[in-house]
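Undergrad: The structure follows.
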Amino acid sequence: MSRRARSARAATATDRTRPVRLAPADILRLGLLGIRTRRMRAALSALGISIGIATMIVVIGIPASSQKALMNELSALGTDTLRAEPQPDQKPPVLLPEAADAMAARIGPVTFTSAVANTHAVVRRSDRIDPDDGSGLAVLASRPNLLEAIHGKVRSGRFLDPVTERFPTVVLGHEAGLRLGFDTLTPGQAPPQVVIGNRWFTVVGILEQALLSPDIDRAVLVGWEAARTNLGFDGHPTVVYVRSAESAVEAVRAVLAETVNPALPGMVHVSRPSDALAAKRATEDTFSALFLGLAGVALLVGGIGVANTMFISVLERRKEIGLRRALGANRGQIRGQFLTESVALSTLGGLAGTALGVAATIGYAWSQHWPAVVSPASIAAGFGGAVVVGMAAGVYPSIRASRLTPTEALSGT
């Protein structure tokens with residue numbers, strides 16, 4: 001036999017004994033084979049995984065929705081609001097600059113500013129009442145955006161706007177309306193009027209009770225320009241309301257006095273942050289720790305379920321493993337088959353669990369009248385966690401399967 005023929009025969013023998021490399025598509029088909037042939041077991045396994053992932057999303061989403069509702073309630077207590085006003089009982093009185101609220105708006109974290117000013121005028125129900133009897137009510141010049149600054153609401157009628165603030169119109173605080181005998185405004189009827197100084201003003205609105213600003217409840221609010229024109233108002237605000245990012249409330253408070261009155265910052269009193277802000281931050285920290293703990297437990301339960309399913313699958317399919325090994329499948333191919341099956345089961349369970357968890361969270365939040373909070377991060381963590389946990393849980397069973405020799409697997413021992 002020639003040298004060339006011997007070389008060709010040796011190469012042919014080597015090719016016959018060389019293990020066949022499986023393409024990724026072949027490994028995927030092998031991994032899905034166990035799912036297709038054992039559909040009930042695969043469905044139950046995926047159901048267990050989906051319940052674990054749905055539980056994780058629900059135990060994060062429902063507390064998050066509850067937290068959002070609670071945070072909204074706490075925010076309504078003025079956690080982001082400060083007020084600056086001159087120190088009282090000073091002689092001569094301290095005056096804030098006319099543009100104090102606009103100056104406060106230049107502070108970086110500040111999101112909203114407004115102001116009111118005491119006109120020192122007297123309001124009466126009619127011109128027949130003693131000119132000195134003001135019923136204990138203050139007449140305040142108001143910016144049109146005051147309600148947004150104090151979280152206020154109109155109960156009847158409307159608030160001042162850039163048009164009505166120039167005319168003799170007023171808005172009554174909740175207590176002011178009761179004292180003056182005006183409980184509500186009836187559409188279609190002539191609006192009531194009150195006397196301020198010697199001028200009649202038309203009532204265009206009545207406010208709800210202002211929980212954050214009791215002084216507004218006992219006030220009659222006049223437009224800024226109307227107060228200048230009709231009441232001799234000098235334009236200097238007496239209270240500046242400031243809203244800022246909650247994380248920066250303390251920083252804003254530290255510079256607010258210098259900002260609204262650079263000439264006499266020591267003569268400006270700035271309110272301290274609301275106690276509700278401390279409660280809100282403590283609540284956020286508590287909820288964050290709770291979320292992490294619940295998510296970890298849910299992922300752990302899901303991972304144990306996947307690992308248990310795959311381990312049992314190896315025990316059930318020992319003869320299949322032995323037959324494939326006897327036909328030439330190497331350890332890497334066996335590992336790839338079982339690992340692919342584990343990831344596929346986790347992916348299917350993750351998709352179903354994500355949909356189930358989102359639906360359950362939205363439904364429960366809706367039934368409790370909470371804002372539904374389903375974080376994209378929790379959805380991504382749930383689905384991604386299912387795949388990662390499934391992969392990790394399938395590692396040991398796949399290695400165990402690959403270590404079985406053909407004789408061990410076929411004997412069933």
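Going by the structure tokens order, chains are called A, B, ..., each with residues numbered from 1, while ligands are numbered from 1 in the order shown.
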Could you pull the residues within 9 Å of A:Pro131, counting only C-alpha atoms, minus those fewer than 3 positions along the same chain, as a list in words?

TA: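 These residues fall inside the cut-off: Val122, Val123, Arg124, Asp127, Arg128, Gly134, Gly197 and Asn198 of chain A.
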
Undergrad: Quick one: pick out all strand (DSSP E or B) residues within stretch 134-286 of chain A from a backbone DSSP run and write them as an NGL selection string.

TA: :A and (138-142 or 154-157 or 169-172 or 193-196 or 199-207 or 219-223 or 239-244 or 268-270)

Undergrad: Need to verify the contact set: A:Arg155, 6 Å, only C-alpha atoms, exclusion of same-chain residues closer than 6 positions in sequence. Can you return it as a list in words?

TA: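 Those residues are Ile206, Leu207 and Glu208 of chain A.
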
Undergrad: Go through A:Ile62, A:Val204, A:Val374, A:Val242 and flag the residue nearest A:Thr354, using only C-alpha atoms for the distances.

TA: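 Once distances to A:Thr354 are computed over only C-alpha atoms, the minimum belongs to A:Val374.
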
Undergrad: Which residues come within 10 Å of stretch 220-232 of chain A, counting only C-alpha atoms, excluding same-chain residues fewer than 6 positions away, as JSON, numbers by chain?

TA: {"A": [115, 116, 117, 118, 119, 120, 121, 122, 123, 137, 138, 139, 140, 141, 142, 143, 144, 146, 159, 160, 161, 162, 163, 164, 165, 166, 167, 168, 169, 170, 171, 172, 173, 174, 175, 176, 177, 194, 196, 197, 198, 199, 201, 203, 205, 206]}

Undergrad: Mind the document's chain letters and residue numbers, and return as number ranges by chain the residues of stretch 122-245 of chain A that DSSP labels helix (DSSP H, G or I).

TA: A: 146-150, 164-166, 174-180, 214-217, 224-231

Undergrad: Report, in Å with one decimal, the straight-line distance from atom CA of A:Phe112 to atom CA of A:Arg243.

TA: 5.0 Å

Undergrad: What separation in Å, quoted to one decimal, exists between atom CA of A:Val239 and atom CA of A:Pro265?

TA: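 Value for the atom CA of A:Val239-atom CA of A:Pro265 distance: 14.4 Å.
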
Undergrad: Contacts of stretch 100-102 of chain A at 9 Å or less, counting only C-alpha atoms, minus same-chain residues fewer than 5 places along, as a list of chain:residue names?

TA: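 Returned residues: A:Thr113, A:Ser114, A:Ala115, A:His236, A:Pro237, A:Val239, A:Val240, A:Tyr241, A:Val242, A:Thr259, A:Val260, A:Asn261.
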